[in-house]
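Q: Okay, so here is input-v7.tsv, and as you'll see once you scroll down, it has TSV, C-alpha atoms.
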```tsv
chain	number	residue	atom	x	y	z
J	16	MET	CA	-33.80	26.33	58.72
J	17	ALA	CA	-37.55	26.53	58.12
J	18	GLY	CA	-37.87	30.32	58.39
J	19	THR	CA	-37.17	30.97	54.72
J	20	PRO	CA	-37.62	28.53	51.83
J	21	ILE	CA	-34.49	26.54	51.07
J	22	THR	CA	-32.97	27.36	47.69
J	23	PHE	CA	-32.07	24.71	45.14
J	24	GLY	CA	-28.36	25.42	45.65
J	25	GLU	CA	-28.66	25.19	49.44
J	26	LEU	CA	-30.51	21.90	49.09
J	27	ILE	CA	-27.78	20.41	46.90
J	28	ASN	CA	-25.17	21.55	49.42
J	29	LEU	CA	-27.17	20.12	52.28
J	30	CYS	CA	-27.63	16.73	50.64
J	31	LEU	CA	-24.01	16.46	49.46
J	32	LYS	CA	-22.47	17.66	52.71
J	33	SER	CA	-24.96	16.13	55.16
J	34	PRO	CA	-25.94	12.76	53.72
J	35	GLY	CA	-27.48	11.93	57.12
J	36	PHE	CA	-30.31	14.40	56.45
J	37	PHE	CA	-31.00	12.84	53.07
J	38	HIS	CA	-31.04	9.28	54.46
J	39	GLU	CA	-33.35	10.32	57.26
J	40	LEU	CA	-35.59	12.11	54.77
J	41	GLN	CA	-36.00	8.87	52.85
J	42	ASN	CA	-36.33	6.54	55.83
J	43	ASN	CA	-38.32	8.72	58.20
J	44	PRO	CA	-39.53	11.85	56.38
J	45	ALA	CA	-41.77	13.11	59.19
J	46	GLN	CA	-38.96	12.95	61.73
J	47	ALA	CA	-36.39	14.43	59.32
J	48	ILE	CA	-38.34	17.53	58.45
J	49	THR	CA	-39.62	18.03	61.99
J	50	ASN	CA	-36.00	17.90	63.20
J	51	ALA	CA	-35.12	20.42	60.50
J	52	GLY	CA	-37.78	22.79	61.83
J	53	TYR	CA	-40.48	22.23	59.20
J	54	GLU	CA	-44.13	21.36	59.69
J	55	ALA	CA	-44.70	17.71	58.73
J	56	THR	CA	-48.13	18.06	57.09
J	57	PRO	CA	-49.69	14.96	55.47
J	58	THR	CA	-49.32	16.60	52.03
J	59	VAL	CA	-45.64	17.24	52.57
J	60	ILE	CA	-45.03	13.71	53.91
J	61	ALA	CA	-46.89	12.16	50.97
J	62	ALA	CA	-44.87	14.25	48.52
J	63	LEU	CA	-41.61	13.24	50.22
J	64	LYS	CA	-42.54	9.57	50.03
J	65	ASP	CA	-43.24	9.94	46.32
J	66	LEU	CA	-39.72	11.17	45.50
J	67	ASP	CA	-37.37	8.99	43.46
J	68	TYR	CA	-34.51	8.77	45.94
J	69	ASP	CA	-32.51	6.43	43.70
J	70	ALA	CA	-32.44	9.11	41.02
J	71	ILE	CA	-31.17	11.66	43.56
J	72	ARG	CA	-28.58	9.18	44.80
J	73	GLN	CA	-27.28	8.88	41.21
J	74	VAL	CA	-26.45	12.60	41.27
J	75	PHE	CA	-24.39	12.18	44.42
J	76	ARG	CA	-22.67	9.14	42.96
J	77	ALA	CA	-21.83	10.88	39.67
J	78	CYS	CA	-20.66	14.04	41.43
J	79	ASP	CA	-18.70	12.33	44.20
J	80	PRO	CA	-15.01	12.99	43.49
J	81	THR	CA	-13.94	10.26	45.91
J	82	SER	CA	-15.71	7.55	43.92
J	83	ALA	CA	-13.96	8.29	40.64
J	84	PRO	CA	-10.34	8.79	39.71
J	85	MET	CA	-9.07	12.19	38.81
J	86	CYS	CA	-7.99	11.86	35.22
X	3	MET	CA	-3.31	-7.08	26.33
X	4	SER	CA	-6.21	-8.27	28.46
X	5	LYS	CA	-7.48	-6.18	31.38
X	6	CYS	CA	-6.42	-9.01	33.68
X	7	ILE	CA	-2.79	-8.97	32.51
X	8	LEU	CA	-2.73	-5.18	32.59
X	9	ALA	CA	-4.11	-5.21	36.15
X	10	SER	CA	-1.45	-7.67	37.31
X	11	GLN	CA	1.29	-5.53	35.73
X	12	ILE	CA	-0.06	-2.41	37.47
X	13	ASP	CA	-0.11	-4.28	40.78
X	14	ALA	CA	3.49	-5.38	40.18
X	15	VAL	CA	4.54	-1.75	39.63
X	16	VAL	CA	2.84	-0.66	42.85
X	17	ASP	CA	4.50	-3.54	44.71
X	18	ARG	CA	7.85	-2.40	43.35
X	19	ILE	CA	7.20	1.16	44.55
X	20	GLY	CA	6.77	-0.30	48.05
X	21	VAL	CA	9.98	-2.34	47.73
X	22	ASP	CA	12.04	0.53	46.24
X	23	LEU	CA	11.03	3.03	48.88
X	24	GLY	CA	10.95	0.43	51.65
X	25	ALA	CA	14.65	-0.31	51.08
X	26	SER	CA	15.43	3.23	52.26
X	27	SER	CA	12.51	3.90	54.59
X	28	PRO	CA	9.81	1.33	55.42
X	29	SER	CA	7.65	3.97	57.12
X	30	LEU	CA	7.79	6.24	54.05
X	31	ALA	CA	6.92	3.27	51.83
X	32	ASN	CA	3.89	2.60	54.02
X	33	GLN	CA	2.75	6.21	53.80
X	34	VAL	CA	3.15	6.30	50.02
X	35	LEU	CA	1.25	3.03	49.61
X	36	ARG	CA	-1.45	4.40	51.92
X	37	TRP	CA	-1.70	7.49	49.70
X	38	ILE	CA	-1.89	5.35	46.56
X	39	ARG	CA	-4.77	3.37	48.08
X	40	ARG	CA	-6.52	6.54	49.24
X	41	ILE	CA	-6.55	8.07	45.76
X	42	SER	CA	-7.70	4.79	44.22
X	43	PRO	CA	-11.49	4.34	44.18
X	44	GLY	CA	-12.12	1.23	46.29
X	45	GLY	CA	-8.47	1.30	47.40
X	46	GLU	CA	-7.40	-0.77	44.37
X	47	PRO	CA	-4.61	0.79	42.27
X	48	ALA	CA	-5.23	-1.46	39.26
X	49	ALA	CA	-8.96	-0.72	39.32
X	50	HIS	CA	-8.07	2.97	39.49
X	51	PHE	CA	-6.14	2.89	36.22
X	52	LEU	CA	-8.79	0.77	34.51
X	53	ASP	CA	-11.77	2.77	35.80
X	54	VAL	CA	-14.15	4.00	33.11
X	55	ARG	CA	-13.56	7.62	34.17
X	56	MET	CA	-9.78	7.33	34.01
X	57	PHE	CA	-7.92	8.82	31.05
X	58	PRO	CA	-6.74	5.77	29.05
X	59	ILE	CA	-3.05	6.42	29.62
X	60	LEU	CA	-2.21	2.70	29.75
X	61	GLU	CA	-4.49	1.65	26.91
X	62	LEU	CA	-3.36	4.27	24.36
X	63	PRO	CA	-0.04	2.53	23.48
X	64	GLU	CA	-2.06	-0.70	23.05
X	65	PHE	CA	-4.33	1.07	20.56
X	66	VAL	CA	-1.29	2.37	18.66
X	67	LEU	CA	0.24	-1.11	18.61
X	68	GLU	CA	-3.01	-2.56	17.27
X	69	SER	CA	-3.07	-0.03	14.44
X	70	LEU	CA	0.52	-0.86	13.43
X	71	SER	CA	-0.08	-4.60	13.08
X	72	VAL	CA	3.39	-5.51	14.38
X	73	ALA	CA	4.52	-8.15	16.86
X	74	PRO	CA	4.56	-6.56	20.32
X	75	ASP	CA	7.83	-6.07	22.17
X	76	ASP	CA	6.68	-7.19	25.64
X	77	ARG	CA	9.71	-5.81	27.45
X	78	PHE	CA	9.06	-2.37	25.93
X	79	HIS	CA	5.40	-2.44	26.93
X	80	ARG	CA	6.22	-3.49	30.50
X	81	SER	CA	8.58	-0.49	30.68
X	82	LEU	CA	5.83	1.78	29.36
X	83	ILE	CA	3.36	0.58	31.99
X	84	SER	CA	5.88	1.06	34.78
X	85	SER	CA	6.90	4.50	33.49
X	86	THR	CA	3.30	5.63	33.01
X	87	VAL	CA	2.15	4.49	36.48
X	88	HIS	CA	5.07	6.39	38.08
X	89	GLY	CA	4.42	9.42	35.86
X	90	TYR	CA	0.75	9.43	36.82
X	91	TYR	CA	1.55	9.34	40.53
X	92	TYR	CA	4.04	12.18	40.04
X	93	ILE	CA	1.42	14.37	38.36
X	94	ARG	CA	-1.29	13.36	40.81
X	95	LEU	CA	0.88	14.15	43.83
X	96	ILE	CA	1.69	17.63	42.50
X	97	ASP	CA	-1.98	18.20	41.56
X	98	GLY	CA	-3.12	17.18	45.03
X	99	ILE	CA	-0.81	19.75	46.60
X	100	VAL	CA	-1.74	22.50	44.12
X	101	ASP	CA	-5.47	21.84	44.54
X	102	GLY	CA	-5.24	21.38	48.34
X	103	ASP	CA	-7.39	18.26	48.08
X	104	ARG	CA	-8.61	16.07	50.94
X	105	ASN	CA	-5.29	14.18	51.12
X	106	PHE	CA	-3.27	17.39	51.38
X	107	ASP	CA	-1.59	16.64	54.73
X	108	LEU	CA	-0.40	13.22	53.62
X	109	GLU	CA	0.63	14.57	50.19
X	110	ARG	CA	2.69	17.33	51.78
X	111	LYS	CA	4.52	14.78	53.94
X	112	ILE	CA	5.40	12.50	51.04
X	113	LEU	CA	6.09	15.28	48.49
X	114	PRO	CA	9.85	14.50	48.24
X	115	VAL	CA	8.85	11.15	46.74
X	116	ALA	CA	7.81	13.12	43.65
X	117	GLY	CA	11.49	13.04	42.67
X	118	TYR	CA	11.49	9.23	42.77
X	119	PHE	CA	8.28	9.04	40.69
X	120	LEU	CA	9.73	11.44	38.11
X	121	SER	CA	13.02	9.58	37.74
X	122	GLU	CA	11.23	6.22	37.35
X	123	PHE	CA	8.93	7.79	34.76
X	124	GLN	CA	11.89	8.98	32.71
X	125	LEU	CA	14.10	5.92	33.28
X	126	GLY	CA	11.45	3.78	31.62
X	127	TYR	CA	12.22	5.57	28.33
X	128	GLN	CA	15.98	5.75	28.82
X	129	GLN	CA	16.13	1.98	28.60
X	130	HIS	CA	14.78	2.14	25.05
X	131	PHE	CA	15.88	5.45	23.52
X	132	SER	CA	19.42	6.78	23.28
X	133	ALA	CA	20.06	10.35	24.42
X	134	GLU	CA	20.19	11.55	20.79
X	135	HIS	CA	16.95	9.88	19.75
X	136	GLU	CA	14.29	12.06	18.11
X	137	PHE	CA	11.81	10.80	20.73
X	138	TRP	CA	13.31	13.06	23.39
X	139	LYS	CA	12.33	16.20	21.47
X	140	VAL	CA	8.70	15.07	21.60
X	141	PHE	CA	9.09	14.05	25.24
X	142	ARG	CA	10.38	17.50	26.17
X	143	ARG	CA	7.66	19.32	24.19
X	144	LEU	CA	4.77	17.30	25.64
X	145	TRP	CA	6.10	17.20	29.20
X	146	THR	CA	6.69	20.97	29.23
X	147	ALA	CA	3.26	21.66	27.70
X	148	SER	CA	1.60	19.51	30.34
X	149	ALA	CA	3.41	21.20	33.25
X	150	ALA	CA	2.88	24.73	31.88
X	151	SER	CA	-0.82	24.14	31.15
X	152	THR	CA	-1.45	22.73	34.63
X	153	ALA	CA	0.22	25.75	36.24
X	154	GLU	CA	-1.60	28.23	33.96
X	155	ASP	CA	-4.94	26.52	34.55
X	156	ALA	CA	-4.51	26.78	38.33
X	157	MET	CA	-3.84	30.52	38.03
X	158	GLN	CA	-6.97	31.37	35.98
X	159	ARG	CA	-9.88	33.10	37.74
X	160	ALA	CA	-12.32	32.67	34.86
X	161	ILE	CA	-12.00	30.25	31.98
X	162	GLY	CA	-13.47	30.95	28.57
X	163	PHE	CA	-13.28	28.54	25.65
X	164	SER	CA	-9.96	30.02	24.57
X	165	GLU	CA	-8.36	29.39	28.01
X	166	PHE	CA	-9.98	25.96	28.13
X	167	GLU	CA	-8.40	25.07	24.79
X	168	ARG	CA	-4.99	26.56	25.61
X	169	PHE	CA	-4.61	25.42	29.23
X	170	SER	CA	-7.27	23.21	30.79
X	171	SER	CA	-7.51	20.60	28.06
X	172	ARG	CA	-3.72	20.58	27.48
X	173	LYS	CA	-3.09	19.27	30.99
X	174	PHE	CA	-3.30	15.82	29.42
X	175	SER	CA	-0.47	16.47	26.95
X	176	ALA	CA	1.86	14.18	28.90
X	177	ALA	CA	-0.39	11.25	27.95
X	178	GLY	CA	1.03	11.69	24.46
X	179	ILE	CA	4.50	10.64	25.68
X	180	PRO	CA	3.90	6.86	25.83
X	181	VAL	CA	2.03	7.20	22.53
X	182	ALA	CA	5.03	8.95	20.96
X	183	ALA	CA	7.35	6.33	22.44
X	184	THR	CA	5.30	3.55	20.85
X	185	CYS	CA	5.28	5.23	17.41
X	186	HIS	CA	9.05	5.79	17.58
X	187	HIS	CA	9.84	2.35	18.99
X	188	TYR	CA	8.15	0.64	16.06
X	189	GLY	CA	9.61	3.07	13.50
X	190	ARG	CA	6.31	4.84	12.74
X	191	ALA	CA	6.95	8.43	13.81
X	192	ASP	CA	4.89	9.44	10.76
X	193	MET	CA	1.78	8.28	12.64
X	194	LEU	CA	2.45	10.52	15.61
X	195	PRO	CA	0.61	13.75	14.58
X	196	ALA	CA	-2.68	11.87	14.10
X	197	TRP	CA	-2.31	10.13	17.46
X	198	ILE	CA	-1.38	13.36	19.25
X	199	GLU	CA	-4.50	14.94	17.75
X	200	LEU	CA	-6.50	12.12	19.34
X	201	VAL	CA	-4.77	12.60	22.73
X	202	ASP	CA	-5.61	16.33	22.56
X	203	GLY	CA	-9.23	15.54	21.71
X	204	LEU	CA	-9.48	13.04	24.54
X	205	GLY	CA	-7.87	15.57	26.88
X	206	ARG	CA	-10.46	18.18	25.96
X	207	TRP	CA	-13.30	15.69	26.41
X	208	SER	CA	-12.00	14.29	29.70
X	209	GLN	CA	-11.40	17.73	31.18
X	210	MET	CA	-14.97	18.74	30.33
X	211	VAL	CA	-16.31	15.55	31.96
X	212	ASP	CA	-14.39	16.50	35.11
X	213	ASP	CA	-15.64	20.08	34.92
X	214	ILE	CA	-19.25	18.94	34.73
X	215	LEU	CA	-19.22	16.12	37.28
X	216	ASP	CA	-16.96	17.88	39.79
X	217	TRP	CA	-18.73	21.25	39.55
X	218	HIS	CA	-19.88	21.12	43.16
X	219	GLN	CA	-16.42	20.39	44.53
X	220	ASP	CA	-14.79	22.95	42.22
X	221	LYS	CA	-17.28	25.57	43.34
X	222	SER	CA	-16.76	24.83	47.02
X	223	PHE	CA	-12.95	25.12	46.55
X	224	ASP	CA	-13.52	28.39	44.64
X	225	GLY	CA	-11.85	26.81	41.61
X	226	ALA	CA	-12.26	28.18	38.12
X	227	THR	CA	-13.36	25.81	35.37
X	228	TYR	CA	-14.82	26.33	31.92
X	229	PHE	CA	-18.15	24.84	33.05
X	230	LEU	CA	-18.42	27.09	36.13
X	231	SER	CA	-17.27	30.15	34.20
X	232	GLU	CA	-19.77	29.44	31.43
X	233	GLY	CA	-22.48	29.00	34.08
X	234	GLU	CA	-21.67	32.44	35.44
X	235	ARG	CA	-21.93	33.87	31.92
X	236	GLN	CA	-25.07	32.02	30.84
X	237	ARG	CA	-27.20	32.09	34.00
X	238	ARG	CA	-30.03	34.58	34.23
X	239	SER	CA	-29.58	37.48	36.63
X	240	GLU	CA	-32.10	36.09	39.13
X	241	GLU	CA	-30.84	32.54	38.73
X	242	SER	CA	-28.26	30.66	40.84
X	243	LEU	CA	-25.56	28.54	39.24
X	244	GLU	CA	-27.36	25.39	40.42
X	245	GLU	CA	-30.62	26.56	38.83
X	246	TRP	CA	-28.75	27.19	35.57
X	247	ILE	CA	-27.33	23.64	35.70
X	248	LEU	CA	-30.85	22.30	36.21
X	249	ARG	CA	-32.44	24.48	33.51
X	250	GLU	CA	-29.86	24.07	30.76
X	251	GLY	CA	-26.28	23.82	32.02
X	252	CYS	CA	-26.34	20.04	32.35
X	253	ASP	CA	-27.70	19.63	28.81
X	254	TRP	CA	-25.31	22.27	27.46
X	255	GLY	CA	-22.29	20.47	28.91
X	256	PHE	CA	-23.28	16.98	27.85
X	257	ASP	CA	-24.36	18.13	24.36
X	258	LEU	CA	-20.91	19.65	23.92
X	259	LEU	CA	-19.30	16.40	25.09
X	260	ASN	CA	-21.40	14.40	22.67
X	261	GLU	CA	-20.50	16.69	19.75
X	262	TRP	CA	-16.78	16.48	20.55
X	263	MET	CA	-16.93	12.70	20.91
X	264	LYS	CA	-18.79	12.35	17.61
X	265	ARG	CA	-16.05	14.32	15.86
X	266	MET	CA	-13.38	12.29	17.61
X	267	GLN	CA	-14.99	9.05	16.52
X	268	GLU	CA	-15.16	10.24	12.91
X	269	SER	CA	-11.55	11.37	12.79
X	270	SER	CA	-10.29	8.25	14.60
X	271	GLU	CA	-11.50	5.85	11.90
X	272	ARG	CA	-8.29	6.54	9.95
X	273	LEU	CA	-6.12	5.39	12.87
X	274	GLY	CA	-7.15	1.80	12.27
X	275	SER	CA	-7.57	0.62	15.85
X	276	PRO	CA	-10.77	-1.33	16.57
X	277	GLY	CA	-9.88	-1.21	20.28
X	278	LEU	CA	-9.84	2.58	20.19
X	279	MET	CA	-13.18	2.73	18.36
X	280	LYS	CA	-14.70	0.39	20.96
X	281	TYR	CA	-13.26	2.51	23.75
X	282	LEU	CA	-14.70	5.73	22.27
X	283	ALA	CA	-18.12	4.13	21.81
X	284	ARG	CA	-18.04	2.93	25.43
X	285	ARG	CA	-17.15	6.41	26.69
X	286	ARG	CA	-19.91	7.98	24.58
X	287	ALA	CA	-22.49	5.55	25.98
X	288	TRP	CA	-21.20	6.14	29.51
X	289	ALA	CA	-21.53	9.92	29.09
X	290	ALA	CA	-25.09	9.50	27.79
X	291	GLU	CA	-25.94	7.46	30.91
X	292	GLN	CA	-24.43	10.11	33.18
X	293	HIS	CA	-26.37	12.83	31.36
X	294	LEU	CA	-29.65	10.99	31.83
X	295	ALA	CA	-28.91	10.19	35.48
X	296	LEU	CA	-27.95	13.77	36.29
X	297	ARG	CA	-30.95	15.25	34.49
X	298	LYS	CA	-33.35	12.91	36.26
X	299	GLY	CA	-31.71	13.29	39.66
X	300	LEU	CA	-31.52	17.08	39.47
X	301	ALA	CA	-35.21	17.22	38.53
X	302	GLU	CA	-36.02	15.14	41.62
X	303	LEU	CA	-33.89	17.45	43.76
X	304	ALA	CA	-35.85	20.41	42.35
X	305	ARG	CA	-39.07	18.62	43.39
X	306	LEU	CA	-37.60	18.13	46.86
X	307	ALA	CA	-36.80	21.86	47.03
X	308	ASP	CA	-40.44	22.62	46.11
X	309	ILE	CA	-41.72	20.25	48.79
X	310	LEU	CA	-39.51	21.85	51.41
X	311	GLY	CA	-40.80	25.21	50.19
X	312	GLN	CA	-44.35	23.99	50.87
X	313	ALA	CA	-43.24	22.75	54.28
X	314	THR	CA	-41.80	26.21	55.00
X	315	GLN	CA	-45.12	27.81	54.06
X	316	ALA	CA	-46.98	25.35	56.29
X	317	SER	CA	-44.67	26.13	59.21
X	318	THR	CA	-45.04	29.89	58.68
X	319	SER	CA	-48.86	29.59	58.41
X	320	LEU	CA	-49.04	27.60	61.62
X	321	SER	CA	-46.92	30.09	63.51
X	322	THR	CA	-49.10	32.98	62.25
X	323	GLY	CA	-52.36	31.10	62.66
X	324	THR	CA	-53.05	30.86	58.89
X	325	THR	CA	-54.41	27.62	57.48
X	326	ILE	CA	-53.22	26.14	54.22
X	327	THR	CA	-55.97	24.47	52.27
```
Can the structure in the file be given as structure tokens, please?
A:
Amino acid sequence: MAGTPITFGELINLCLKSPGFFHELQNNPAQAITNAGYEATPTVIAALKDLDYDAIRQVFRACDPTSAPMC
Amino acid sequence: MSKCILASQIDAVVDRIGVDLGASSPSLANQVLRWIRRISPGGEPAAHFLDVRMFPILELPEFVLESLSVAPDDRFHRSLISSTVHGYYYIRLIDGIVDGDRNFDLERKILPVAGYFLSEFQLGYQQHFSAEHEFWKVFRRLWTASAASTAEDAMQRAIGFSEFERFSSRKFSAAGIPVAATCHHYGRADMLPAWIELVDGLGRWSQMVDDILDWHQDKSFDGATYFLSEGERQRRSEESLEEWILREGCDWGFDLLNEWMKRMQESSERLGSPGLMKYLARRRAWAAEQHLALRKGLAELARLADILGQATQASTSLSTGTTIT
């Protein structure tokens, strides 16, 4: 995964289809990105810890078709 | 009618579906009830119909009644609720099959039950309108428009505003049937055009909400929607659809929704239903919350993409012996 930079679209797909990666990223960022083949530098880890995961979770909630009725 | 009473009436209808089908086939009844729970967020059919994202198919006749200032005929309204719940399940079952959604296997197995749902939907009106009644002309027009629009919408490969107006947003036409029944039942057919205009406006608005919030699912199923088609048209050549949504697509969609809702609120004043005005205000506030949440969340996801980009660079530098300072 870490050979080429992940695109925004690929990231959205990854988070929506593999929520495990997203949870791990929040709970154990160093482990998550090492497992994904990235280098867990202190700068990267600090930036990951600074993310607003609740805001990201809101996107998944709003866009989750199973949590809302089809009109 | 309070939400609590409405919820108990919905539950009673679902119970009756189990009893009706169970009399012929208990195992089929179980499968149908399982399907009903699976399509209901949280597994609660009543909560499904009363969910903020649900088209207000059960509330609309209540709004009409409120505007007429007449004593309610409870038996008629119980029939409407039963008919509408069955009609919704009929449409939803067909939609599930057409869209090939996640419940496809179960929906295919229980498809013959569509006939039962349809007959119960129609029987609800036959108890109150004779075969010659003017209501049936409206019923036929709206029901046919709804079916034709749903089929046309599913066949489109790209949807411009014209197709969105003619097909996508007309899928909700059937929601005008209980509204028409209420106007006719209380002798106020003259009110119908204004209420149908509202149903059409709500249909347009609700379809756009679905287009925006379900964009990821629609894209993964290769479905065509106005929002996705517009994204393809508006995005820059070097930009992905997701980047367009982040840059301006999200704002474009929600601004359109807000404009349509504002117009709907203005034109609905004349209908004289405080319940409807409250409902529209609630939906407008809800959409504003969703807009804010999506904008903020997408911006955070873009930050995450940048961070992972940095991590990629760091990995590449390490493997080539370069140091990032």
Q: Could you check the closest approach to chain J for each of X:Trp262, X:Phe57, X:Phe163, X:Phe137 and tell me which residue wins, using all atoms listed in the file?
A: X:Phe57
Q: Can you pull out the residues contacting segment 72-75 of chain J? Cut-off 8 Å, using all atoms listed in the file, and skip same-chain residues under 2 positions away; I want them as a PDB file with C-alpha atoms, in the coordinates of the input.
A:
```pdb
ATOM      1  CA  LEU J  31     -24.010  16.460  49.460  1.00  0.00           C
ATOM      2  CA  TYR J  68     -34.510   8.770  45.940  1.00  0.00           C
ATOM      3  CA  ASP J  69     -32.510   6.430  43.700  1.00  0.00           C
ATOM      4  CA  ALA J  70     -32.440   9.110  41.020  1.00  0.00           C
ATOM      5  CA  ALA J  77     -21.830  10.880  39.670  1.00  0.00           C
ATOM      6  CA  CYS J  78     -20.660  14.040  41.430  1.00  0.00           C
ATOM      7  CA  ASP J  79     -18.700  12.330  44.200  1.00  0.00           C
TER       8      ASP J  79
ATOM      9  CA  ALA X 295     -28.910  10.190  35.480  1.00  0.00           C
ATOM     10  CA  LEU X 296     -27.950  13.770  36.290  1.00  0.00           C
ATOM     11  CA  GLY X 299     -31.710  13.290  39.660  1.00  0.00           C
ATOM     12  CA  LEU X 300     -31.520  17.080  39.470  1.00  0.00           C
TER      13      LEU X 300
END
```
Q: Mind dumping a table of every chain X residue within 9 Å of chain J, with the nearest atom pair and its distance in Å to one decimal, using all atoms listed in the file, sorted by chain and rising number, as JSON lines?
A:
```
{"residue": "X:Arg40", "atom": "CA", "partner": "J:Thr81", "partner_atom": "CA", "distance": 8.9}
{"residue": "X:Ile41", "atom": "CA", "partner": "J:Pro84", "partner_atom": "CA", "distance": 7.2}
{"residue": "X:Ser42", "atom": "CA", "partner": "J:Pro84", "partner_atom": "CA", "distance": 6.6}
{"residue": "X:Pro43", "atom": "CA", "partner": "J:Ser82", "partner_atom": "CA", "distance": 5.3}
{"residue": "X:Gly44", "atom": "CA", "partner": "J:Ser82", "partner_atom": "CA", "distance": 7.6}
{"residue": "X:His50", "atom": "CA", "partner": "J:Pro84", "partner_atom": "CA", "distance": 6.3}
{"residue": "X:Phe51", "atom": "CA", "partner": "J:Pro84", "partner_atom": "CA", "distance": 8.0}
{"residue": "X:Asp53", "atom": "CA", "partner": "J:Pro84", "partner_atom": "CA", "distance": 7.3}
{"residue": "X:Val54", "atom": "CA", "partner": "J:Ala83", "partner_atom": "CA", "distance": 8.7}
{"residue": "X:Arg55", "atom": "CA", "partner": "J:Pro84", "partner_atom": "CA", "distance": 6.5}
{"residue": "X:Met56", "atom": "CA", "partner": "J:Cys86", "partner_atom": "CA", "distance": 5.0}
{"residue": "X:Phe57", "atom": "CA", "partner": "J:Cys86", "partner_atom": "CA", "distance": 5.2}
{"residue": "X:Pro58", "atom": "CA", "partner": "J:Cys86", "partner_atom": "CA", "distance": 8.8}
{"residue": "X:Arg94", "atom": "CA", "partner": "J:Met85", "partner_atom": "CA", "distance": 8.1}
{"residue": "X:Phe174", "atom": "CA", "partner": "J:Cys86", "partner_atom": "CA", "distance": 8.4}
{"residue": "X:Ser208", "atom": "CA", "partner": "J:Cys86", "partner_atom": "CA", "distance": 7.2}
{"residue": "X:Gln209", "atom": "CA", "partner": "J:Cys86", "partner_atom": "CA", "distance": 7.9}
{"residue": "X:Asp212", "atom": "CA", "partner": "J:Met85", "partner_atom": "CA", "distance": 7.8}
{"residue": "X:Ile214", "atom": "CA", "partner": "J:Cys78", "partner_atom": "CA", "distance": 8.4}
{"residue": "X:Leu215", "atom": "CA", "partner": "J:Cys78", "partner_atom": "CA", "distance": 4.9}
{"residue": "X:Asp216", "atom": "CA", "partner": "J:Cys78", "partner_atom": "CA", "distance": 5.6}
{"residue": "X:Trp217", "atom": "CA", "partner": "J:Cys78", "partner_atom": "CA", "distance": 7.7}
{"residue": "X:His218", "atom": "CA", "partner": "J:Cys78", "partner_atom": "CA", "distance": 7.3}
{"residue": "X:Gln219", "atom": "CA", "partner": "J:Pro80", "partner_atom": "CA", "distance": 7.6}
{"residue": "X:Ser242", "atom": "CA", "partner": "J:Gly24", "partner_atom": "CA", "distance": 7.1}
{"residue": "X:Leu243", "atom": "CA", "partner": "J:Gly24", "partner_atom": "CA", "distance": 7.7}
{"residue": "X:Glu244", "atom": "CA", "partner": "J:Gly24", "partner_atom": "CA", "distance": 5.3}
{"residue": "X:Glu245", "atom": "CA", "partner": "J:Phe23", "partner_atom": "CA", "distance": 6.7}
{"residue": "X:Gln292", "atom": "CA", "partner": "J:Ala77", "partner_atom": "CA", "distance": 7.0}
{"residue": "X:Ala295", "atom": "CA", "partner": "J:Gln73", "partner_atom": "CA", "distance": 6.1}
{"residue": "X:Leu296", "atom": "CA", "partner": "J:Val74", "partner_atom": "CA", "distance": 5.3}
{"residue": "X:Arg297", "atom": "CA", "partner": "J:Val74", "partner_atom": "CA", "distance": 8.6}
{"residue": "X:Lys298", "atom": "CA", "partner": "J:Ala70", "partner_atom": "CA", "distance": 6.2}
{"residue": "X:Gly299", "atom": "CA", "partner": "J:Ile71", "partner_atom": "CA", "distance": 4.3}
{"residue": "X:Leu300", "atom": "CA", "partner": "J:Ile71", "partner_atom": "CA", "distance": 6.8}
{"residue": "X:Ala301", "atom": "CA", "partner": "J:Ile71", "partner_atom": "CA", "distance": 8.5}
{"residue": "X:Glu302", "atom": "CA", "partner": "J:Ile71", "partner_atom": "CA", "distance": 6.3}
{"residue": "X:Leu303", "atom": "CA", "partner": "J:Ile71", "partner_atom": "CA", "distance": 6.4}
{"residue": "X:Ala304", "atom": "CA", "partner": "J:Phe23", "partner_atom": "CA", "distance": 6.4}
{"residue": "X:Arg305", "atom": "CA", "partner": "J:Leu66", "partner_atom": "CA", "distance": 7.8}
{"residue": "X:Leu306", "atom": "CA", "partner": "J:Leu63", "partner_atom": "CA", "distance": 7.2}
{"residue": "X:Ala307", "atom": "CA", "partner": "J:Phe23", "partner_atom": "CA", "distance": 5.8}
{"residue": "X:Asp308", "atom": "CA", "partner": "J:Phe23", "partner_atom": "CA", "distance": 8.7}
{"residue": "X:Ile309", "atom": "CA", "partner": "J:Val59", "partner_atom": "CA", "distance": 6.2}
{"residue": "X:Leu310", "atom": "CA", "partner": "J:Ile21", "partner_atom": "CA", "distance": 6.9}
{"residue": "X:Gly311", "atom": "CA", "partner": "J:Pro20", "partner_atom": "CA", "distance": 4.9}
{"residue": "X:Gln312", "atom": "CA", "partner": "J:Val59", "partner_atom": "CA", "distance": 7.1}
{"residue": "X:Ala313", "atom": "CA", "partner": "J:Glu54", "partner_atom": "CA", "distance": 5.7}
{"residue": "X:Thr314", "atom": "CA", "partner": "J:Ala17", "partner_atom": "CA", "distance": 5.3}
{"residue": "X:Gln315", "atom": "CA", "partner": "J:Pro20", "partner_atom": "CA", "distance": 7.9}
{"residue": "X:Ala316", "atom": "CA", "partner": "J:Glu54", "partner_atom": "CA", "distance": 6.0}
{"residue": "X:Ser317", "atom": "CA", "partner": "J:Glu54", "partner_atom": "CA", "distance": 4.8}
{"residue": "X:Thr318", "atom": "CA", "partner": "J:Gly18", "partner_atom": "CA", "distance": 7.2}
{"residue": "X:Leu320", "atom": "CA", "partner": "J:Glu54", "partner_atom": "CA", "distance": 8.2}
```
